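Asks: So here's upload-v6.txt, just compact mmCIF, C-alpha atoms:
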```
# COMPACT_ATOMS: atom_id res chain seq x y z
CA MET A 17 4.27 -32.99 22.35
CA ALA A 18 6.04 -30.58 20.04
CA GLN A 19 9.40 -29.46 21.35
CA VAL A 20 10.13 -25.96 22.57
CA LEU A 21 13.21 -23.87 21.92
CA SER A 22 16.25 -25.58 23.35
CA SER A 23 18.01 -23.80 26.19
CA LYS A 24 21.36 -25.09 24.95
CA GLY A 25 23.06 -22.49 22.79
CA GLY A 26 19.76 -20.85 21.86
CA GLY A 27 19.21 -23.37 19.05
CA LEU A 28 16.31 -25.63 18.16
CA ASP A 29 15.90 -29.13 19.49
CA LEU A 30 14.77 -31.05 16.41
CA ALA A 31 14.85 -34.53 17.90
CA ARG A 32 11.07 -34.68 17.68
CA GLY A 33 10.34 -31.60 15.62
CA CYS A 34 8.94 -28.21 16.66
CA CYS A 35 5.71 -26.29 16.14
CA PHE A 36 5.07 -22.58 16.68
CA LEU A 37 2.13 -20.17 16.55
CA PHE A 38 3.05 -16.63 15.42
CA LEU A 39 -0.06 -14.46 15.67
CA GLY A 40 -1.02 -10.79 15.61
CA PRO A 41 -0.85 -7.76 13.30
CA GLU A 42 2.79 -6.67 13.81
CA LEU A 43 4.40 -8.01 10.64
CA GLY A 44 7.95 -6.74 11.09
CA GLU A 45 8.68 -8.30 14.48
CA LYS A 46 6.92 -11.47 13.34
CA GLY A 47 9.22 -11.61 10.31
CA ASP A 48 12.26 -11.09 12.57
CA ALA A 49 11.15 -14.03 14.73
CA VAL A 50 10.80 -16.25 11.65
CA GLU A 51 14.26 -15.21 10.49
CA GLY A 52 15.64 -16.08 13.95
CA ILE A 53 14.30 -19.63 13.61
CA ARG A 54 15.66 -19.85 10.07
CA GLN A 55 19.13 -18.85 11.27
CA SER A 56 18.96 -21.35 14.15
CA LEU A 57 18.29 -24.11 11.65
CA LYS A 58 21.31 -23.02 9.60
CA GLN A 59 23.70 -23.15 12.55
CA GLY A 60 24.43 -26.79 11.88
CA GLY A 61 25.55 -25.98 8.34
CA ALA A 62 22.45 -27.26 6.52
CA VAL A 63 20.09 -25.01 4.59
CA PRO A 64 16.53 -26.03 5.51
CA GLU A 65 14.06 -26.93 2.80
CA GLU A 66 11.21 -24.38 3.03
CA THR A 67 7.57 -24.89 2.08
CA SER A 68 4.72 -22.39 2.47
CA PHE A 69 1.04 -23.30 2.51
CA TYR A 70 -1.87 -20.85 2.44
CA ALA A 71 -4.83 -22.20 4.34
CA THR A 72 -7.11 -20.42 1.88
CA GLU A 73 -5.67 -22.46 -0.99
CA THR A 74 -4.37 -25.84 0.25
CA ALA A 75 -6.44 -28.57 1.89
CA VAL A 76 -5.37 -29.53 5.41
CA THR A 77 -5.17 -33.17 4.29
CA ASP A 78 -2.55 -32.18 1.71
CA MET A 79 -0.63 -30.16 4.30
CA ALA A 80 -0.62 -33.05 6.77
CA ALA A 81 0.58 -35.49 4.09
CA ALA A 82 3.47 -33.19 3.14
CA LEU A 83 4.42 -32.72 6.79
CA ARG A 84 4.44 -36.48 7.45
CA ASN A 85 6.44 -37.38 4.35
CA GLY A 86 10.20 -37.13 4.59
CA SER A 87 12.45 -35.31 2.12
CA LEU A 88 14.93 -37.03 -0.20
CA PHE A 89 17.24 -34.01 -0.21
CA THR A 90 17.57 -32.72 3.37
CA ASP A 91 17.09 -33.74 6.97
CA THR A 92 15.87 -30.27 7.99
CA ARG A 93 12.59 -28.78 6.82
CA LEU A 94 10.76 -25.55 7.61
CA PHE A 95 7.01 -25.35 6.92
CA PHE A 96 4.70 -22.33 7.09
CA ILE A 97 0.91 -22.39 7.21
CA LYS A 98 -0.28 -18.84 6.51
CA ASN A 99 -3.80 -17.47 7.09
CA ALA A 100 -4.12 -20.23 9.67
CA GLU A 101 -7.24 -18.61 11.17
CA VAL A 102 -9.37 -20.00 8.31
CA ILE A 103 -8.83 -23.58 9.55
CA LYS A 104 -12.08 -23.99 11.47
CA LYS A 105 -13.64 -27.34 10.56
CA LYS A 106 -13.49 -29.84 13.38
CA ASP A 107 -11.96 -32.66 11.33
CA GLU A 108 -9.30 -30.32 9.88
CA ILE A 109 -8.37 -29.01 13.33
CA GLU A 110 -8.12 -32.53 14.72
CA LEU A 111 -5.97 -33.72 11.81
CA LEU A 112 -3.52 -30.83 12.04
CA ALA A 113 -3.44 -30.86 15.85
CA SER A 114 -2.62 -34.57 15.75
CA TYR A 115 0.50 -33.81 13.72
CA MET A 116 1.43 -30.81 15.88
CA LYS A 117 1.41 -32.93 19.04
CA SER A 118 3.86 -35.37 17.46
CA PRO A 119 5.74 -33.58 14.67
CA GLN A 120 8.17 -35.18 12.26
CA SER A 121 11.82 -35.32 13.31
CA GLY A 122 13.92 -32.53 11.81
CA THR A 123 10.82 -30.49 10.93
CA VAL A 124 9.71 -27.06 12.13
CA LEU A 125 6.12 -25.94 11.49
CA ILE A 126 5.04 -22.31 11.99
CA LEU A 127 1.36 -21.35 11.87
CA ILE A 128 0.99 -17.67 10.96
CA SER A 129 -2.03 -15.41 11.30
CA GLU A 130 -2.75 -11.70 11.73
CA GLU A 131 -5.50 -12.68 14.17
CA THR A 132 -4.66 -12.99 17.87
CA LYS A 133 -6.39 -16.34 18.42
CA LEU A 134 -6.69 -19.66 16.62
CA PRO A 135 -9.17 -22.48 17.32
CA LYS A 136 -8.54 -23.98 20.75
CA GLY A 137 -7.55 -27.37 19.35
CA LEU A 138 -4.63 -25.82 17.46
CA GLU A 139 -3.54 -23.60 20.35
CA ASP A 140 -3.60 -26.52 22.80
CA ALA A 141 -1.36 -28.58 20.49
CA VAL A 142 1.56 -26.14 20.92
CA PRO A 143 3.59 -25.51 24.10
CA ALA A 144 2.92 -22.12 25.67
CA ALA A 145 6.58 -21.16 25.13
CA ASN A 146 6.10 -21.56 21.37
CA LYS A 147 3.10 -19.20 21.11
CA ARG A 148 3.68 -15.51 20.48
CA ILE A 149 1.29 -12.66 19.72
CA PHE A 150 2.91 -9.75 17.90
CA TRP A 151 0.86 -6.68 18.80
CA GLU A 152 0.92 -3.36 16.96
CA LEU A 153 3.45 -0.95 18.42
CA PHE A 154 2.28 1.72 20.85
CA GLU A 155 2.92 5.32 19.85
CA ASP A 156 6.04 5.71 22.02
CA ARG A 157 7.57 2.49 20.70
CA LYS A 158 6.91 3.52 17.09
CA THR A 159 8.58 6.87 17.69
CA GLU A 160 11.66 5.23 19.19
CA TRP A 161 11.74 2.60 16.45
CA VAL A 162 11.89 5.26 13.72
CA ARG A 163 14.45 7.33 15.63
CA ALA A 164 16.67 4.26 16.12
CA PHE A 165 16.37 3.27 12.45
CA PHE A 166 17.76 6.58 11.22
CA ARG A 167 20.42 6.59 13.92
CA ARG A 168 21.67 3.18 12.73
CA GLU A 169 21.75 4.47 9.15
CA GLY A 170 23.81 7.49 10.17
CA CYS A 171 21.00 9.92 9.28
CA ARG A 172 19.47 12.75 11.28
CA ILE A 173 15.71 13.26 11.54
CA ASP A 174 13.83 15.78 13.67
CA GLU A 175 10.72 15.13 15.74
CA ASP A 176 8.39 16.63 13.12
CA GLY A 177 9.91 14.32 10.52
CA ILE A 178 9.28 11.29 12.74
CA GLY A 179 5.69 12.43 13.31
CA ALA A 180 5.11 12.81 9.57
CA ILE A 181 6.38 9.27 8.92
CA LEU A 182 4.07 7.82 11.55
CA GLU A 183 1.12 9.63 9.97
CA LEU A 184 1.86 8.35 6.47
CA VAL A 185 2.98 4.77 7.11
CA GLU A 186 0.94 1.78 8.24
CA ASN A 187 1.33 0.74 11.87
CA ASN A 188 3.75 -2.17 11.55
CA THR A 189 7.52 -2.28 11.47
CA GLU A 190 7.66 -4.06 8.12
CA ALA A 191 6.01 -1.05 6.44
CA LEU A 192 8.05 1.39 8.54
CA ARG A 193 11.32 -0.34 7.59
CA ARG A 194 10.44 -0.25 3.88
CA GLU A 195 9.40 3.41 3.80
CA CYS A 196 12.19 4.66 6.09
CA GLY A 197 14.69 2.79 3.90
CA ARG A 198 13.36 4.56 0.81
CA LEU A 199 13.63 7.90 2.58
CA VAL A 200 17.29 7.24 3.46
CA LEU A 201 18.03 6.45 -0.20
CA PHE A 202 16.25 9.60 -1.41
CA MET A 203 17.60 12.05 1.18
CA GLY A 204 21.11 10.79 1.98
CA LYS A 205 23.00 11.84 5.10
CA ASP A 206 23.92 15.46 4.37
CA LYS A 207 21.18 17.26 6.30
CA PRO A 208 18.49 16.56 8.91
CA ILE A 209 15.22 15.17 7.57
CA GLY A 210 12.10 17.17 8.44
CA ALA A 211 8.36 16.88 7.90
CA ALA A 212 8.52 18.69 4.54
CA ASP A 213 11.07 16.15 3.26
CA VAL A 214 8.88 13.26 4.37
CA ASP A 215 5.85 14.79 2.65
CA GLU A 216 7.78 15.36 -0.57
CA TRP A 217 9.38 11.94 -0.86
CA LEU A 218 6.93 9.55 0.76
CA SER A 219 3.64 11.21 -0.28
CA HIS A 220 4.60 11.97 -3.86
CA THR A 221 6.78 8.99 -4.74
CA ARG A 222 5.04 6.15 -2.93
CA GLU A 223 3.88 3.22 -4.97
CA GLU A 224 0.29 2.02 -4.99
CA SER A 225 -0.73 0.79 -1.56
CA ALA A 226 -3.78 0.43 0.65
CA PHE A 227 -3.29 4.13 1.49
CA THR A 228 -3.48 5.30 -2.12
CA LEU A 229 -6.50 3.03 -2.60
CA PHE A 230 -8.13 4.65 0.44
CA SER A 231 -7.55 8.06 -1.16
CA ARG A 232 -9.49 6.95 -4.25
CA ILE A 233 -12.30 5.55 -2.09
CA ALA A 234 -12.40 8.74 0.00
CA ALA A 235 -12.81 10.75 -3.19
CA GLY A 236 -15.62 8.47 -4.39
CA ASP A 237 -13.66 7.62 -7.54
CA LEU A 238 -14.65 4.06 -8.42
CA SER A 239 -12.73 3.95 -11.70
CA ARG A 240 -9.41 4.94 -10.12
CA SER A 241 -10.12 2.69 -7.12
CA VAL A 242 -10.42 -0.32 -9.43
CA GLU A 243 -7.29 0.81 -11.27
CA SER A 244 -5.35 0.95 -7.98
CA LEU A 245 -6.71 -2.46 -7.02
CA HIS A 246 -5.53 -4.07 -10.26
CA THR A 247 -2.08 -2.51 -9.83
CA LEU A 248 -1.83 -4.00 -6.33
CA LEU A 249 -3.05 -7.42 -7.46
CA GLY A 250 -0.63 -7.31 -10.40
CA ALA A 251 2.17 -6.73 -7.88
CA LYS A 252 1.05 -9.92 -6.07
CA GLU A 253 -0.36 -8.05 -3.08
CA ALA A 254 -2.67 -10.47 -1.24
CA PRO A 255 -6.31 -9.31 -1.09
CA PRO A 256 -6.56 -9.97 2.69
CA ALA A 257 -3.50 -7.75 3.17
CA ILE A 258 -5.14 -4.99 1.08
CA LEU A 259 -8.27 -5.21 3.23
CA ALA A 260 -6.14 -5.11 6.40
CA GLY A 261 -4.51 -1.87 5.23
CA LEU A 262 -7.90 -0.36 4.37
CA ALA A 263 -9.29 -1.41 7.77
CA TRP A 264 -6.45 0.55 9.39
CA CYS A 265 -7.51 3.63 7.38
CA PHE A 266 -11.19 3.13 8.22
CA ARG A 267 -10.39 2.93 11.94
CA LYS A 268 -8.54 6.22 11.63
CA LEU A 269 -11.55 7.66 9.78
CA ARG A 270 -13.72 6.61 12.73
CA ASP A 271 -11.36 8.44 15.11
CA TYR A 272 -11.50 11.52 12.86
CA GLN A 273 -15.31 11.45 12.86
CA TYR A 274 -15.40 11.24 16.64
CA LEU A 275 -13.22 14.33 17.00
CA VAL A 276 -15.28 16.33 14.52
CA GLU A 277 -18.60 15.32 16.05
CA THR A 278 -17.58 15.89 19.66
CA GLY A 279 -16.49 19.42 18.90
CA SER A 280 -12.74 19.05 19.60
CA PRO A 281 -11.09 18.97 16.13
CA ASN A 282 -7.98 21.00 16.99
CA ASP A 283 -4.43 20.32 15.81
CA PHE A 284 -3.39 18.80 19.14
CA GLU A 285 -6.26 16.29 19.13
CA PHE A 286 -5.66 15.41 15.49
CA LYS A 287 -1.99 14.79 16.25
CA LYS A 288 -2.95 12.37 19.02
CA ILE A 289 -4.71 10.13 16.46
CA GLY A 290 -1.88 10.44 13.94
CA LEU A 291 -3.39 13.17 11.76
CA GLY A 292 -1.34 16.19 12.80
CA ASN A 293 -0.06 16.75 9.26
CA PRO A 294 -2.59 18.67 7.10
CA LYS A 295 -1.76 16.60 4.01
CA ALA A 296 -2.29 13.34 5.89
CA ARG A 297 -5.60 14.73 7.18
CA ARG A 298 -6.94 15.69 3.76
CA ASP A 299 -8.22 12.24 2.75
CA TYR A 300 -10.06 11.82 6.04
CA THR A 301 -11.67 15.25 5.74
CA GLU A 302 -12.82 14.38 2.23
CA ALA A 303 -14.10 10.96 3.30
CA TYR A 304 -16.07 12.46 6.18
CA ARG A 305 -17.65 15.09 3.95
CA ARG A 306 -18.58 12.46 1.41
CA TYR A 307 -19.81 9.64 3.68
CA GLY A 308 -21.03 11.43 6.80
CA SER A 309 -21.50 10.23 10.35
CA GLY A 310 -20.97 6.57 11.20
CA SER A 311 -19.31 5.72 7.91
CA GLY A 312 -16.14 4.46 9.61
CA ASP A 313 -18.10 1.70 11.36
CA ARG A 314 -20.03 0.86 8.20
CA LEU A 315 -16.85 0.60 6.14
CA LEU A 316 -15.19 -1.56 8.82
CA ALA A 317 -18.20 -3.89 8.85
CA LEU A 318 -18.09 -4.12 5.05
CA THR A 319 -14.36 -4.87 5.16
CA ALA A 320 -14.85 -7.63 7.75
CA GLU A 321 -17.64 -9.15 5.63
CA TYR A 322 -15.48 -9.32 2.51
CA ASP A 323 -12.46 -10.54 4.44
CA ILE A 324 -14.52 -13.57 5.50
CA ARG A 325 -15.77 -14.06 1.93
CA LEU A 326 -12.24 -13.93 0.53
CA ARG A 327 -10.84 -16.39 3.05
CA SER A 328 -13.64 -18.89 2.48
CA GLY A 329 -14.01 -18.52 -1.27
CA GLY A 330 -10.57 -19.52 -2.58
CA THR A 331 -8.47 -17.61 -5.08
CA ALA A 332 -10.65 -18.01 -8.17
CA LEU A 333 -13.11 -15.27 -7.15
CA GLU A 334 -10.69 -12.92 -5.37
CA GLU A 335 -10.57 -10.26 -8.08
CA VAL A 336 -14.34 -10.22 -8.53
CA LEU A 337 -14.97 -10.07 -4.79
CA MET A 338 -12.52 -7.19 -4.39
CA GLU A 339 -14.18 -5.24 -7.22
CA VAL A 340 -17.62 -5.75 -5.65
CA PHE A 341 -16.16 -4.65 -2.31
CA LEU A 342 -14.85 -1.43 -3.89
CA TYR A 343 -18.19 -0.72 -5.53
CA LYS A 344 -19.96 -1.08 -2.18
CA ALA A 345 -17.28 0.90 -0.32
CA VAL A 346 -17.50 3.83 -2.73
CA SER A 347 -21.30 3.65 -2.51
CA VAL A 348 -21.54 3.59 1.31
CA LYS A 349 -24.10 6.11 2.53
```
Could you take the file, read its structure, and then write that structure out as structure tokens?
Replies:
Amino acid sequence: MAQVLSSKGGGLDLARGCCFLFLGPELGEKGDAVEGIRQSLKQGGAVPEETSFYATETAVTDMAAALRNGSLFTDTRLFFIKNAEVIKKKDEIELLASYMKSPQSGTVLILISEETKLPKGLEDAVPAANKRIFWELFEDRKTEWVRAFFRREGCRIDEDGIGAILELVENNTEALRRECGRLVLFMGKDKPIGAADVDEWLSHTREESAFTLFSRIAAGDLSRSVESLHTLLGAKEAPPAILAGLAWCFRKLRDYQYLVETGSPNDFEFKKIGLGNPKARRDYTEAYRRYGSGSGDRLLALTAEYDIRLRSGGTALEEVLMEVFLYKAVSVK
């Protein structure tokens, strides 16, 4: 059976290799956990050889062969299998699970997915201590995370500024760290940061993202939606990651629709769903006016459909599938 984290010195016991499952949507904490393993491997003075596989692109037979083969250059190797949730065929699960139950000496394998479950055969092949689900942060944890970030940087930010950041930035600490870091660079440490500063610097200077793409979709602008998509793909943004960001926006659109249709669309209620800032609310107001009742659920269903198509279709058709998705999303009635 794959080894768990050693209790001696907090390092890794590589006598028989290790396997881990890192699941869930919280990308920042997941990345921190990966970096912790990377640093543990470096404690002995050797830099591990790293290899990343994407389950949407590489056959499991090729992964298993690479895992079983030794390296000519190092005794320590770190492997990643990303988008691991797409491994569903029985023979592929059995082949990979067979390796995971008896991994190569000096090798660490980490299966990564934004889903919270993998096929049972893969989960059973890993010790419970080596399985972690990284959930999205609750509202109070996000607030404290942002406050602590600026405190460490020696900057001051008021509560309205924190609220504005949480309304404009995707719900994971990787995105929060990136955008808060940009804000520190823009604003410096001379004065407290407020909501107006966040609006000015993050809304007006942000690069293309799933949020800007959502704005184009909300406006029904297919041409600019496709333009945003190509910019994201040109920046090597993975299509499943783009869809994940859009799904986050569509869930918020569903919350917005519920408030409007239940007759309680006041500022306090909007703030509870992360839309207290009028500028952040604008896209959702426009989307609701354009698409009408129930569109949040329809857009989420469409996103889930194309996520499955992308993960099962390989990379050759990704751009075409994403363009068809945008056409259907803009055309949702």
Asks: In Å, how far is it from CA of Asn85 (chain A) to CA of Asp107 (chain A)?
Replies: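 Interatomic distance here is 20.2 Å.
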Asks: Could you check the closest approach to Ser225 (chain A) for each of A:Thr67, A:Asn187, A:Ser239, A:Ser244 and tell me which residue wins, using all atoms listed in the file?
Replies: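 When distances to Ser225 (chain A) are compared using all atoms listed in the file, the smallest one comes from A:Ser244.
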Asks: With only C-alpha atoms as the basis for distance, which of A:Ser347, A:Ser280, A:Ser241, A:Thr72 is at the shortest distance from Phe227 (chain A)?
Replies: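 Selected residue with least distance to Phe227 (chain A): A:Ser241.
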Asks: Pick out the residues sitting within 12 Å of Leu184 (chain A), and hand them over as a PDB file with C-alpha atoms, in the frame of the given file; count only C-alpha atoms, and ignore anything fewer than 2 positions along from it in its own chain.
Replies:
```pdb
ATOM      1  CA  GLY A 177       9.910  14.320  10.520  1.00  0.00           C
ATOM      2  CA  ILE A 178       9.280  11.290  12.740  1.00  0.00           C
ATOM      3  CA  GLY A 179       5.690  12.430  13.310  1.00  0.00           C
ATOM      4  CA  ALA A 180       5.110  12.810   9.570  1.00  0.00           C
ATOM      5  CA  ILE A 181       6.380   9.270   8.920  1.00  0.00           C
ATOM      6  CA  LEU A 182       4.070   7.820  11.550  1.00  0.00           C
ATOM      7  CA  GLU A 186       0.940   1.780   8.240  1.00  0.00           C
ATOM      8  CA  ASN A 187       1.330   0.740  11.870  1.00  0.00           C
ATOM      9  CA  ASN A 188       3.750  -2.170  11.550  1.00  0.00           C
ATOM     10  CA  ALA A 191       6.010  -1.050   6.440  1.00  0.00           C
ATOM     11  CA  LEU A 192       8.050   1.390   8.540  1.00  0.00           C
ATOM     12  CA  GLU A 195       9.400   3.410   3.800  1.00  0.00           C
ATOM     13  CA  CYS A 196      12.190   4.660   6.090  1.00  0.00           C
ATOM     14  CA  ALA A 211       8.360  16.880   7.900  1.00  0.00           C
ATOM     15  CA  VAL A 214       8.880  13.260   4.370  1.00  0.00           C
ATOM     16  CA  ASP A 215       5.850  14.790   2.650  1.00  0.00           C
ATOM     17  CA  GLU A 216       7.780  15.360  -0.570  1.00  0.00           C
ATOM     18  CA  TRP A 217       9.380  11.940  -0.860  1.00  0.00           C
ATOM     19  CA  LEU A 218       6.930   9.550   0.760  1.00  0.00           C
ATOM     20  CA  SER A 219       3.640  11.210  -0.280  1.00  0.00           C
ATOM     21  CA  HIS A 220       4.600  11.970  -3.860  1.00  0.00           C
ATOM     22  CA  ARG A 222       5.040   6.150  -2.930  1.00  0.00           C
ATOM     23  CA  SER A 225      -0.730   0.790  -1.560  1.00  0.00           C
ATOM     24  CA  ALA A 226      -3.780   0.430   0.650  1.00  0.00           C
ATOM     25  CA  PHE A 227      -3.290   4.130   1.490  1.00  0.00           C
ATOM     26  CA  THR A 228      -3.480   5.300  -2.120  1.00  0.00           C
ATOM     27  CA  TRP A 264      -6.450   0.550   9.390  1.00  0.00           C
ATOM     28  CA  CYS A 265      -7.510   3.630   7.380  1.00  0.00           C
ATOM     29  CA  LYS A 268      -8.540   6.220  11.630  1.00  0.00           C
ATOM     30  CA  GLY A 290      -1.880  10.440  13.940  1.00  0.00           C
ATOM     31  CA  LEU A 291      -3.390  13.170  11.760  1.00  0.00           C
ATOM     32  CA  GLY A 292      -1.340  16.190  12.800  1.00  0.00           C
ATOM     33  CA  ASN A 293      -0.060  16.750   9.260  1.00  0.00           C
ATOM     34  CA  PRO A 294      -2.590  18.670   7.100  1.00  0.00           C
ATOM     35  CA  LYS A 295      -1.760  16.600   4.010  1.00  0.00           C
ATOM     36  CA  ALA A 296      -2.290  13.340   5.890  1.00  0.00           C
ATOM     37  CA  ARG A 297      -5.600  14.730   7.180  1.00  0.00           C
ATOM     38  CA  ARG A 298      -6.940  15.690   3.760  1.00  0.00           C
ATOM     39  CA  ASP A 299      -8.220  12.240   2.750  1.00  0.00           C
TER      40      ASP A 299
END
```
Asks: Can you tell me, as number ranges by chain, what residues are no more than 12 Å from Gly236 (chain A) when counting all atoms listed in the file, ignoring any on the same chain fewer than 3 positions away?
Replies: A: 229-233, 239-242, 299, 302-307, 342-349
Asks: Within 9 Å of region 319-327 of chain A, counting all atoms listed in the file, which residues show up once you throw out same-chain ones fewer than 4 positions away? Write them as a list in words, please.
Replies: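 Answer for this query is Ala71, Thr72, Glu73, Asn99, Val102, Pro255, Pro256, Leu259, Ala260, Leu262, Ala263, Arg314, Leu315, Thr331, Leu333, Glu334, Leu337, Met338, Phe341 and Ala345 of chain A.
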Asks: Could you check how far CA of Met79 (chain A) sits from CA of Gly261 (chain A), in Å to one decimal?
Replies: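 Answer for the CA of Met79 (chain A) to CA of Gly261 (chain A) separation: 28.6 Å.
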Asks: Any idea what's packed within 10 Å of Val63 (chain A), counting only C-alpha atoms, ignoring anything in its chain fewer than 5 positions away? Could you give it as a PyMOL selection string?
Replies: chain A and resi 54-55+57-58+90-94
Asks: CA of Phe95 (chain A) and CA of Ala82 (chain A) are how many Å apart?
Replies: 9.4 Å
Asks: Between A:Gly204, A:Gly279, A:Gly40, A:Gly308, which has the minimum distance to Glu169 (chain A) (counting all atoms listed in the file)?
Replies: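 Among the listed residues, A:Gly204 lies closest to Glu169 (chain A).
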Asks: Would you kindly return, as a VMD selection string, each protein, DNA or RNA residue with an atom no farther than 7 Å from any atom of region 45-47 of chain A, considering all atoms listed in the file and excluding same-chain residues fewer than 6 positions away?
Replies: chain A and resid 38 150 189
Asks: Since we have the selection now, will you write its residues out, keeping C-alpha atoms, as a PDB file, in the coordinates of the input?
Replies:
```pdb
ATOM      1  CA  PHE A  38       3.050 -16.630  15.420  1.00  0.00           C
ATOM      2  CA  PHE A 150       2.910  -9.750  17.900  1.00  0.00           C
ATOM      3  CA  THR A 189       7.520  -2.280  11.470  1.00  0.00           C
TER       4      THR A 189
END
```
Asks: What are the centre and the three edge lengths of an axis-aligned box that wraps all atoms of region 184-194 of chain A in the file, given that 3 Å is added to every side, written as lines of an AutoDock Vina configuration file and rounded to one decimal in Å?
Replies:
```
center_x = 6.1
center_y = 2.1
center_z = 7.9
size_x = 16.4
size_y = 18.4
size_z = 14.0
```
Asks: Using all atoms listed in the file, which of A:Leu83, A:Val162, A:Ala317, A:Val76 sits nearest Ser121 (chain A)?
Replies: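 Of A:Leu83, A:Val162, A:Ala317, A:Val76, the one nearest Ser121 (chain A) is A:Leu83, counting all atoms listed in the file.
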